[in-house]
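Below: the structure, in structure tokens.
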Amino acid sequence: MKLPVLAAACTGLFGLATALAFFYAPTDADQGLSQRIFYFHVPLALTSYVCFGWGAWKALRYLRTRDARADLESYVAIHQGVIFAALTLLTGSIWARISWGVWWSWSEDQLVLFLVLFLFYCAYFMLRFSVEPGPARANMCAVYALFGVVLIPVSFLAIRLSKRFIHPVVFNSHGPQMTGSQFLTFCVCLAAMLALFATLYSIELAGKRLDGALRELKELLA
Amino acid sequence: MNYVSDVAALARKDLLLELRAKETLPSMLLFVVSALAIFHFALPRGTSDVAARGLLWSALVFTALLGLTRAFVAEREQGMFDALVLTPVDRSAIWLGKAIAVLAFLVAAEIVALPAFAAFFHGLNGRTVAAVALADLGICTVGTLFGAMAVAGRARELLLPLLFLPTAIPIVVGGVGGYLWFLALYDAIFGLLSWAAFEYVVVET
């Protein structure tokens, strides 16, 4: 019974993260209150990368072992990743509106990269739901998921090439550009977001496995 | 040497089919010229070279998509996939043969499209032609793999653009900007990946 523990930890971490983000972290001198969305926006983005990476890892495992469980795990991770990516686009857009006055900025490379990834992984669902379930579908989905993690750095490079950027770069070669209390808040928020991913991932996976088991039982009965 | 002759035989089969049936290439040619004509009217008078070049790239990507959509239709409809999978060749040779055939169609379409573009708009420079040549490689390698995936689905004509276009965005970025090294890098990475991945995409049904 790992799931209740995980869910409880996630709730606790999230409460702590929200409290830290609103009451502990210093208010940004330049942007004021709106900068606090950073503590959600960036962890969301990093978590969706983790989801896509995890999905690709499971896809690779599937291609190696031909284990149907790995296929399901890869799908669930990518499903979660798309949800986190959608939230990243949403929070990023809100932040852009407040701090730059526009909902969308093409000269802002991270938003564009997320749009590309979002489109790419939405097509993953189209692929998955238009092919009959079975090993052929699992193979194709795995290959597509692997293309995704290769596309991330390539698109990133492409978008960097095509734009000048106004997006604040928080992590550069000199380490994180944050004060201690900001960094602590950020780490807690990131941990909370990752815990949220782990929880949702386990729940969805448990549900999907239950579905599968139920279908098998029904088929046995019929 | 065996691998090369397998690939050559497979590519020859596709080219021969096209020569007899004339299904894909004429429609690609017509499509690309009409797209360029539409772009001429879509652009306001006196727009810059850069805007026109951007439209050239979208015309090329969509023309390629047209060819890629057709690429595996014969295999799927005539049940030729099973025969291909049963033949004693490396599976990646099937991919390479098909990619070469698609590349030949695309290049043939561009031999008409690029002069037409130069005549309709502002002319071409050598860098753009080189970028088009490099982009063709990337488009055909990735597109052939995704094309093989898309024909397995129910909505095959619909599925391929959805799979292919997000992956093609870096090609357009590199092409419009004229970053030849980037296009070469893209070709190398995705070419290798598609080559390695194809054997998982065609499985005996």
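By order in the structure tokens, chains are A, B, ...; within a chain, residues start at 1; ligands start at 1, following the order shown.
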How close does chain B get to chain A? List, as CSV, each residue of chain B within 10 Å, its nearest atom pair and the distance in Å to one decimal, counting only C-alpha atoms.
residue,atom,partner,partner_atom,distance
B:Val142,CA,A:Phe147,CA,9.7
B:Leu145,CA,A:Val143,CA,9.7
B:Phe146,CA,A:Tyr144,CA,8.5
B:Ala148,CA,A:Met140,CA,9.5
B:Met149,CA,A:Met140,CA,6.5
B:Ala150,CA,A:Leu127,CA,7.4
B:Val151,CA,A:Val131,CA,9.2
B:Ala152,CA,A:Val131,CA,6.2
B:Gly153,CA,A:Val131,CA,4.3
B:Arg154,CA,A:Ser130,CA,5.3
B:Ala155,CA,A:Ser130,CA,6.6
B:Arg156,CA,A:Ser130,CA,8.5
B:Leu158,CA,A:Met126,CA,9.5
B:Leu159,CA,A:Leu127,CA,6.9
B:Leu160,CA,A:Leu127,CA,9.1
B:Pro161,CA,A:Ala123,CA,9.2
B:Leu162,CA,A:Ala123,CA,5.5
B:Leu163,CA,A:Ala123,CA,5.5
B:Phe164,CA,A:Phe120,CA,8.5
B:Leu165,CA,A:Phe120,CA,8.2
B:Pro166,CA,A:Phe120,CA,5.3
B:Thr167,CA,A:Leu151,CA,6.9
B:Ala168,CA,A:Ser155,CA,9.5
B:Ile169,CA,A:Ser155,CA,7.6
B:Pro170,CA,A:Ala158,CA,5.4
B:Ile171,CA,A:Ala158,CA,8.3
B:Val172,CA,A:Ala158,CA,9.1
B:Val173,CA,A:Ala158,CA,6.1
B:Gly174,CA,A:Ala158,CA,6.7
B:Val176,CA,A:Ser162,CA,9.1
B:Gly177,CA,A:Ser162,CA,7.1
B:Tyr179,CA,A:Leu161,CA,8.6
B:Phe182,CA,A:Ala158,CA,7.9
B:Leu183,CA,A:Ala158,CA,9.6
B:Leu185,CA,A:Val154,CA,8.9
B:Tyr186,CA,A:Val154,CA,7.3
B:Ile189,CA,A:Val150,CA,8.3
B:Phe190,CA,A:Phe147,CA,8.2
B:Leu193,CA,A:Phe147,CA,7.8
B:Ser194,CA,A:Phe147,CA,8.8
B:Ala196,CA,A:Val143,CA,9.8
B:Ala197,CA,A:Val143,CA,6.4
B:Phe198,CA,A:Val143,CA,8.5
B:Glu199,CA,A:Asn139,CA,9.5
B:Tyr200,CA,A:Asn139,CA,5.7
B:Val201,CA,A:Met140,CA,5.4
B:Val202,CA,A:Ala136,CA,7.6
B:Val203,CA,A:Ala136,CA,6.2
B:Glu204,CA,A:Ala136,CA,8.4
B:Thr205,CA,A:Ala136,CA,7.9
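Proximity to Val107 (chain B) at 9 Å, evaluated using only C-alpha atoms and with sequence-adjacent residues fewer than 4 positions away removed, yields Val102, Leu103, Ile111, Val112, Ala133 and Asp136 of chain B.
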Please provide as a list in words all residues within 9 Å of Ser99 (chain A), with the sequence filter that same-chain residues fewer than 4 positions apart are discarded (counting only C-alpha atoms).
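Once the adjacent positions are removed, what remains is Gln31, Ser34, Gln35, Ile94 and Trp95 of chain A.
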Contacts of Val132 (chain B) at 9 Å or less, counting only C-alpha atoms, minus same-chain residues fewer than 4 places along, as an MDAnalysis selection string?
chainID B and resid 57 60 110 127:128 136:137 175
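Among A:Ala96, A:Leu205, A:Leu89, A:Ala8, the residue with the shortest atom-to-atom distance to Val112 (chain A), counting only C-alpha atoms, is A:Leu89.
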Atom-to-atom span, CA of Met193 (chain A) and CA of Gly212 (chain A), Å:
28.2 Å
I'd like the contact shell of Lys58 (chain A) - 12 Å cut-off, only C-alpha atoms, skipping same-chain residues fewer than 4 positions apart - returned as a list in words.
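Everything that qualifies: Cys51, Phe52, Gly53, Trp54, Tyr62, Leu63, Arg64, Thr65, Arg66, Asp67, Ala68, Arg69, Ala70, Asp71, Leu72, Glu73, Ser74, Tyr75, Val76, Ala77, Ile78, Ala138, Asn139, Cys141, Ala142, Val143, Ala145 and Leu146 of chain A.
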Expected file: the selected residues, N, CA and C atoms, as a CSV table (one decimal), in the first residue's frame:
chain,number,residue,atom,x,y,z
A,51,CYS,N,8.5,13.6,-17.1
A,51,CYS,CA,7.5,12.6,-17.6
A,51,CYS,C,7.9,12.1,-18.9
A,52,PHE,N,8.3,13.0,-19.9
A,52,PHE,CA,8.6,12.6,-21.2
A,52,PHE,C,9.8,11.7,-21.2
A,53,GLY,N,10.8,12.0,-20.4
A,53,GLY,CA,12.0,11.2,-20.2
A,53,GLY,C,11.7,9.8,-19.7
A,54,TRP,N,10.8,9.8,-18.7
A,54,TRP,CA,10.4,8.5,-18.1
A,54,TRP,C,9.7,7.7,-19.1
A,62,TYR,N,10.5,-1.3,-23.2
A,62,TYR,CA,9.5,-2.1,-23.9
A,62,TYR,C,10.2,-2.7,-25.1
A,63,LEU,N,10.9,-1.9,-25.9
A,63,LEU,CA,11.5,-2.5,-27.1
A,63,LEU,C,12.6,-3.5,-26.8
A,64,ARG,N,13.2,-3.4,-25.6
A,64,ARG,CA,14.1,-4.4,-25.2
A,64,ARG,C,13.5,-5.7,-24.7
A,65,THR,N,12.4,-5.6,-23.8
A,65,THR,CA,11.9,-6.7,-23.1
A,65,THR,C,10.6,-7.2,-23.7
A,66,ARG,N,9.9,-6.4,-24.5
A,66,ARG,CA,8.6,-6.8,-25.1
A,66,ARG,C,7.6,-7.0,-23.9
A,67,ASP,N,7.7,-6.3,-22.9
A,67,ASP,CA,6.9,-6.5,-21.7
A,67,ASP,C,5.7,-5.5,-21.8
A,68,ALA,N,4.5,-6.0,-21.9
A,68,ALA,CA,3.3,-5.1,-22.1
A,68,ALA,C,3.1,-4.1,-21.0
A,69,ARG,N,3.7,-4.4,-19.8
A,69,ARG,CA,3.5,-3.5,-18.7
A,69,ARG,C,4.3,-2.2,-19.0
A,70,ALA,N,5.5,-2.4,-19.6
A,70,ALA,CA,6.3,-1.2,-19.9
A,70,ALA,C,5.6,-0.3,-20.9
A,71,ASP,N,4.9,-0.9,-21.8
A,71,ASP,CA,4.2,-0.1,-22.8
A,71,ASP,C,3.1,0.8,-22.1
A,72,LEU,N,2.4,0.2,-21.2
A,72,LEU,CA,1.4,0.9,-20.5
A,72,LEU,C,2.0,2.0,-19.6
A,73,GLU,N,3.1,1.7,-19.0
A,73,GLU,CA,3.8,2.7,-18.2
A,73,GLU,C,4.3,3.9,-19.0
A,74,SER,N,4.8,3.5,-20.2
A,74,SER,CA,5.3,4.6,-21.1
A,74,SER,C,4.1,5.5,-21.4
A,75,TYR,N,3.0,4.9,-21.8
A,75,TYR,CA,1.8,5.7,-22.2
A,75,TYR,C,1.3,6.6,-21.0
A,76,VAL,N,1.3,6.0,-19.8
A,76,VAL,CA,0.8,6.8,-18.7
A,76,VAL,C,1.7,8.0,-18.4
A,77,ALA,N,3.0,7.7,-18.5
A,77,ALA,CA,4.0,8.8,-18.2
A,77,ALA,C,3.8,9.9,-19.2
A,78,ILE,N,3.6,9.6,-20.5
A,78,ILE,CA,3.4,10.6,-21.5
A,78,ILE,C,2.1,11.3,-21.3
A,138,ALA,N,2.2,-1.1,-29.7
A,138,ALA,CA,3.1,-0.8,-28.6
A,138,ALA,C,4.5,-0.5,-29.2
A,139,ASN,N,4.9,-1.2,-30.3
A,139,ASN,CA,6.1,-0.9,-30.9
A,139,ASN,C,6.2,0.5,-31.5
A,141,CYS,N,4.3,3.1,-30.7
A,141,CYS,CA,4.2,4.1,-29.7
A,141,CYS,C,5.6,4.3,-29.0
A,142,ALA,N,6.3,3.2,-28.8
A,142,ALA,CA,7.6,3.2,-28.2
A,142,ALA,C,8.6,4.0,-29.1
A,143,VAL,N,8.5,3.7,-30.4
A,143,VAL,CA,9.5,4.4,-31.3
A,143,VAL,C,9.1,5.9,-31.3
A,145,ALA,N,7.7,7.6,-28.9
A,145,ALA,CA,8.2,8.2,-27.6
A,145,ALA,C,9.7,8.5,-27.6
A,146,LEU,N,10.4,7.6,-28.2
A,146,LEU,CA,11.9,7.8,-28.3
A,146,LEU,C,12.2,9.0,-29.2
Report the residues of region 22-119 of chain B whose backbone DSSP state falls under alpha helix (DSSP H), written as number ranges by chain.
B: 24-42, 49-71, 73-77, 80-86, 91-119
Would you write out those residues with C-alpha atoms, as an mmCIF file, in the first residue's frame?
data_model
loop_
_atom_site.group_PDB
_atom_site.id
_atom_site.type_symbol
_atom_site.label_atom_id
_atom_site.label_comp_id
_atom_site.auth_asym_id
_atom_site.auth_seq_id
_atom_site.Cartn_x
_atom_site.Cartn_y
_atom_site.Cartn_z
ATOM 1 C CA THR B 24 2.232 10.294 -56.948
ATOM 2 C CA LEU B 25 4.574 12.523 -58.895
ATOM 3 C CA PRO B 26 2.035 14.321 -61.120
ATOM 4 C CA SER B 27 -0.090 15.205 -58.100
ATOM 5 C CA MET B 28 2.972 16.483 -56.221
ATOM 6 C CA LEU B 29 3.951 18.652 -59.195
ATOM 7 C CA LEU B 30 0.490 20.097 -59.609
ATOM 8 C CA PHE B 31 0.186 20.653 -55.892
ATOM 9 C CA VAL B 32 3.446 22.516 -55.471
ATOM 10 C CA VAL B 33 2.837 24.817 -58.442
ATOM 11 C CA SER B 34 -0.707 25.632 -57.356
ATOM 12 C CA ALA B 35 0.488 26.214 -53.793
ATOM 13 C CA LEU B 36 3.079 28.696 -55.073
ATOM 14 C CA ALA B 37 0.391 30.438 -57.136
ATOM 15 C CA ILE B 38 -1.807 30.695 -54.046
ATOM 16 C CA PHE B 39 1.093 32.071 -52.022
ATOM 17 C CA HIS B 40 1.684 34.717 -54.672
ATOM 18 C CA PHE B 41 -1.838 36.024 -54.120
ATOM 19 C CA ALA B 42 -1.700 35.530 -50.369
ATOM 20 C CA ASP B 49 12.438 37.935 -50.018
ATOM 21 C CA VAL B 50 12.361 36.518 -46.528
ATOM 22 C CA ALA B 51 8.578 36.204 -46.461
ATOM 23 C CA ALA B 52 8.552 34.533 -49.865
ATOM 24 C CA ARG B 53 11.271 32.142 -48.775
ATOM 25 C CA GLY B 54 9.212 31.148 -45.755
ATOM 26 C CA LEU B 55 6.344 30.265 -48.044
ATOM 27 C CA LEU B 56 8.646 28.214 -50.262
ATOM 28 C CA TRP B 57 9.454 26.109 -47.212
ATOM 29 C CA SER B 58 5.857 25.529 -46.277
ATOM 30 C CA ALA B 59 5.084 24.593 -49.894
ATOM 31 C CA LEU B 60 7.935 22.077 -49.862
ATOM 32 C CA VAL B 61 6.949 20.510 -46.552
ATOM 33 C CA PHE B 62 3.345 20.064 -47.639
ATOM 34 C CA THR B 63 4.362 18.708 -51.027
ATOM 35 C CA ALA B 64 6.597 16.186 -49.314
ATOM 36 C CA LEU B 65 3.692 15.263 -47.067
ATOM 37 C CA LEU B 66 1.602 14.519 -50.129
ATOM 38 C CA GLY B 67 4.234 12.122 -51.426
ATOM 39 C CA LEU B 68 4.764 10.521 -48.018
ATOM 40 C CA THR B 69 1.040 9.905 -47.577
ATOM 41 C CA ARG B 70 1.039 7.907 -50.789
ATOM 42 C CA ALA B 71 4.303 6.115 -50.055
ATOM 43 C CA VAL B 73 -0.578 2.974 -49.569
ATOM 44 C CA ALA B 74 0.197 0.303 -52.147
ATOM 45 C CA GLU B 75 1.894 -1.853 -49.507
ATOM 46 C CA ARG B 76 -1.073 -1.629 -47.188
ATOM 47 C CA GLU B 77 -3.854 -1.986 -49.743
ATOM 48 C CA MET B 80 2.462 -6.183 -49.720
ATOM 49 C CA PHE B 81 3.758 -5.441 -46.238
ATOM 50 C CA ASP B 82 3.513 -9.090 -45.267
ATOM 51 C CA ALA B 83 5.415 -10.080 -48.379
ATOM 52 C CA LEU B 84 8.085 -7.480 -47.693
ATOM 53 C CA VAL B 85 8.478 -8.583 -44.102
ATOM 54 C CA LEU B 86 8.829 -12.201 -45.238
ATOM 55 C CA ARG B 91 14.104 -4.599 -42.393
ATOM 56 C CA SER B 92 15.960 -1.329 -42.497
ATOM 57 C CA ALA B 93 16.602 -1.972 -46.197
ATOM 58 C CA ILE B 94 12.845 -1.681 -46.749
ATOM 59 C CA TRP B 95 12.948 1.712 -45.105
ATOM 60 C CA LEU B 96 15.990 2.862 -47.030
ATOM 61 C CA GLY B 97 14.569 1.732 -50.359
ATOM 62 C CA LYS B 98 11.336 3.542 -49.680
ATOM 63 C CA ALA B 99 13.108 6.669 -48.455
ATOM 64 C CA ILE B 100 15.194 6.756 -51.619
ATOM 65 C CA ALA B 101 12.083 6.427 -53.783
ATOM 66 C CA VAL B 102 10.308 9.220 -51.881
ATOM 67 C CA LEU B 103 13.443 11.346 -52.137
ATOM 68 C CA ALA B 104 13.472 10.826 -55.908
ATOM 69 C CA PHE B 105 9.851 12.016 -56.164
ATOM 70 C CA LEU B 106 10.510 15.000 -53.962
ATOM 71 C CA VAL B 107 13.615 16.020 -55.874
ATOM 72 C CA ALA B 108 11.715 15.650 -59.145
ATOM 73 C CA ALA B 109 8.959 17.886 -57.784
ATOM 74 C CA GLU B 110 11.535 20.427 -56.639
ATOM 75 C CA ILE B 111 13.245 20.499 -60.011
ATOM 76 C CA VAL B 112 10.002 22.046 -61.204
ATOM 77 C CA ALA B 113 9.137 23.933 -58.013
ATOM 78 C CA LEU B 114 12.404 25.812 -57.455
ATOM 79 C CA PRO B 115 12.582 27.386 -60.934
ATOM 80 C CA ALA B 116 8.876 28.162 -60.657
ATOM 81 C CA PHE B 117 9.542 29.847 -57.329
ATOM 82 C CA ALA B 118 12.428 31.799 -58.801
ATOM 83 C CA ALA B 119 10.208 32.951 -61.646
#
Counting only C-alpha atoms, the residue among A:Leu220, A:Cys189, A:Leu113, A:Leu60 that lies closest to Ile37 (chain A) is A:Cys189
